[in-house]
Structures are given as C-alpha cells and as structure tokens.
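Worksheet: the structure to be examined is printed underneath.
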Amino acid sequence: MTQRNFISILADASVRSNPAALLPPACFVLQRDGIRPSGSATRRLLTILLLLLPFLSSHAQNCEYALVVHGGAGNLSATENDPVRAPLLYAAMDSALHIGERILSGGGEAGEAVLAVVSYLEDNPLFNAGKGATVTAEGAFELDAAIMLGKDLSAGAVAGVKTIKNPIRAAYAVLTQSPHVLLSGEGAEHFAAGQGLETVDNAYFATPRTLEWIEQLKKESGKNGTVGCVALDKHGNLAAGTSTGGMLRKRWGRIGDAPIIGAGTYADNNSCAVSCTGHGEYFIRHAVAFNLCARYKYLHEPVGEAADYIIHHELNANEGNGGLIALDKDGNIAMPFNSTGMIRASLYKEKNAPASVRQTGIGKNLK
Ligand code: ASP
C-alpha cells in the first residue's frame, strides 16, 4: 500500500469512526449482543491505533494558528466587479487578517483575536455591523452580536441594542462579567454602560449609504454584510464571534441568528468554531453552527464536508440564503455559501513555515 493510499484510507470517515474496519474478519468473535473483536484482535487493534496516531494527528501538529473572517453573504455579483467597492472590501479583509495575526502570532488567545477583528469590522462602515449597520423598517439601527470561547464553552451575546458602539465588546462583557449568556434591548445597554463601554446616539450607526436606504427603503439590494471571525490559537483554543445590524427592514424587535449560540455562532475546542451569515430565521431553525460541530464530532465528518452538507443540502439558496466560516481544532478551514458571494478571508500558519498562507474572495474564486 502506498503512503498516499494509506492516508486516504485513514481519511475515510467510516474508518476513523470504526478503526476495527481495518482488521480482517477473522479477528472478530460473535457475541450474544453482536460482533466484537477477539482478545488478540483487540491487542492488534490497539497496536494499529498506536501506529496510526501520528498520521491521524499530523495536521493538528502542523497548524500553529489559523483565522477566518467574513463580511457577509448575499447577492454580491455586482460588488465583486465594482471598481470602487471591491478593492475597499479586499483591503478591509486584509486589515482584519493582519489584526488577528498580530495577536495569534504573539501567542494571544483565539478569543482576543476574534474580539479585536470583529471590533475593527464593526468600526468599518463597509459592513452591516456597528457603524454601517442596516436599517430597520422604522429607519433605526438595532444590533446583535455574540462571542464564544471553545476552551470552556463560555459565551456572551447582546440582541436588539441601539446605543452600544461595539456590540461585540458588550457580548464579551456579558461573557466575562455576568452570569448570563444573552442580554437584550435596554437591559443590555444598561449593563454595557455599567461596564464602561462606549455608548453612542443611535444616529452614530448611520453612513451616507444607510441614510440613502432610509430615504428609499424599497432598495432591497442595497445591503452591507454581517461580520464574523473564527480563530485557532497556538494553545489549541478555538473562538467564534459574529456581529450584525440584522436584516434590512426588520420589525417588531426581530432578533436574528448571530446572537443565538448554536445558530449563528458556536465554538468548542473539541470540534469547531463557526460564524454564520445569511437569512437568520433559517440558520436558527437548522441550528447551523451547532449542527456543523455535531456532524464533525459525532459523525466524524471533515469540517468542509459537514459545512457543505448544511449550506448546500439542509439550507439552499431559496430557503436559507447565506454561508458560514468554520475552523476545526486542527486548523482545517471551510467557507461555503449558497448565495452568489460571501466576503471572506482566511489565514493558515503552519509550524516552522516562514509566513502564513492567505486567501480572500467575494465571489466564487479566491485570490
Ligand atoms: N444573519 C443575519 C441576520 O439574520 C443577517 C446577515 O448575516 O446578513 O440577522
């Protein structure tokens, strides 16, 4: 067996979930409750598993740190070729990677990197998060955000907030300074102010672009993108964060998937970190972020396979338009979407490599 064949057998999900499949049938004995490996077969199985260990964990040993960021999914065919907007979006993605890499390469934690990257994107008026947030049916701004740390499953989120300059920072304060996971509306604002976070008038979130939408709320296509970030640090910690102004023309205190732990945001050091973007109602119904982690953890699907299945089969472009970014605990990256585009960028730093490998895209192709 060539090494390539050997590795492709190991990569097979059914073999990884049942390594006994590698043993010849003679190694099994029939028991009342089913077929079990015989005593010598068990010893052989253990030996094989020990021999396989370096191969099974080779990627984990290779990844020093990794980070993926998104700036929203949707109908981006025009944006991709927009000579003004596309370069600005690429530059913003590049800055986001730079901010995250500075923290991760210095030994900082994944949560720290996610917080810094999402805060930067919230301050950037190009995105539907913080300044630049989309407008509600009443022509106001109501923001949602969440952050989760995979090391202890701690999480914090805020929903429907109107005066917190950086909702992701308020979400992080909920995580670190409160016994709760999700605070909403005025209560969340009161809490954030008490934590010394910067508050602003609701009009702060407006930009010339969003003011134009307020004037012509019919213009559905005028849409900025939600932002999100997932990171894996040098210590093996995963973290995820998402921040959004929600869906254009939302009403009645509507809350989307971004601040719902397990729907738009999830991180678990034993599986993956996930941040979603798209039509939130569908991402909530399909518990997309946790769903992906569960497929990875319990079905042993590679992160790319699990992400593709959810985005292209459970959701589809008509029902559940959008995408996600995900990183598994070994630094494998997935960025699928079923819309025409998703603003996204990733970096992967291999141990002992002189520099990280970066990729950025708006439409199907990555640069
Ligand atoms: N998922 C967000 C929401 O439904 C919107 C988006 O990602 O564009 O609130």
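Numbering starts fresh at 1 for the residues of each chain in the structure tokens, the chains themselves are lettered A, B, ... in the order given, and ligands are numbered from 1 as they appear.
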
Got a sec to check which residues lie within 6 Å of ligand 1, using only C-alpha atoms and all ligand atoms, and send them as an MDAnalysis selection string? chainID A and resid 72 225:226 246:247 256:258 277:280

Within 7 Å of Gly150 in chain A, counting only C-alpha atoms, which residues show up once you throw out same-chain ones fewer than 6 positions away? Write them as number ranges by chain, please. A: 237-239, 267-269

Writing out the chosen residues with C-alpha atoms as a short mmCIF file (atom, residue, chain, number, x, y, z; two decimals), in the first residue's frame:
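File written: out-v5.cif
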data_model
loop_
_atom_site.label_atom_id
_atom_site.label_comp_id
_atom_site.auth_asym_id
_atom_site.auth_seq_id
_atom_site.Cartn_x
_atom_site.Cartn_y
_atom_site.Cartn_z
CA ASN A 237 -8.18 27.20 21.65
CA LEU A 238 -10.99 27.94 19.23
CA ALA A 239 -13.24 31.01 19.37
CA ALA A 267 -17.12 27.28 19.34
CA ASP A 268 -15.93 24.11 21.04
CA ASN A 269 -12.26 23.15 21.39
#

Taking only C-alpha atoms into account, which of A:Thr244, A:Thr265, A:Asn81, A:Thr360 comes nearest Val230 in chain A? A:Thr265

When you look at Pro87 in chain A with a cut-off of 12 Å (counting only C-alpha atoms), what residues show up, excluding the ones that are within fewer than 4 positions of it in the same chain? I need them as a ChimeraX atom specification. /A:79-83,91-94,126,343,360-362
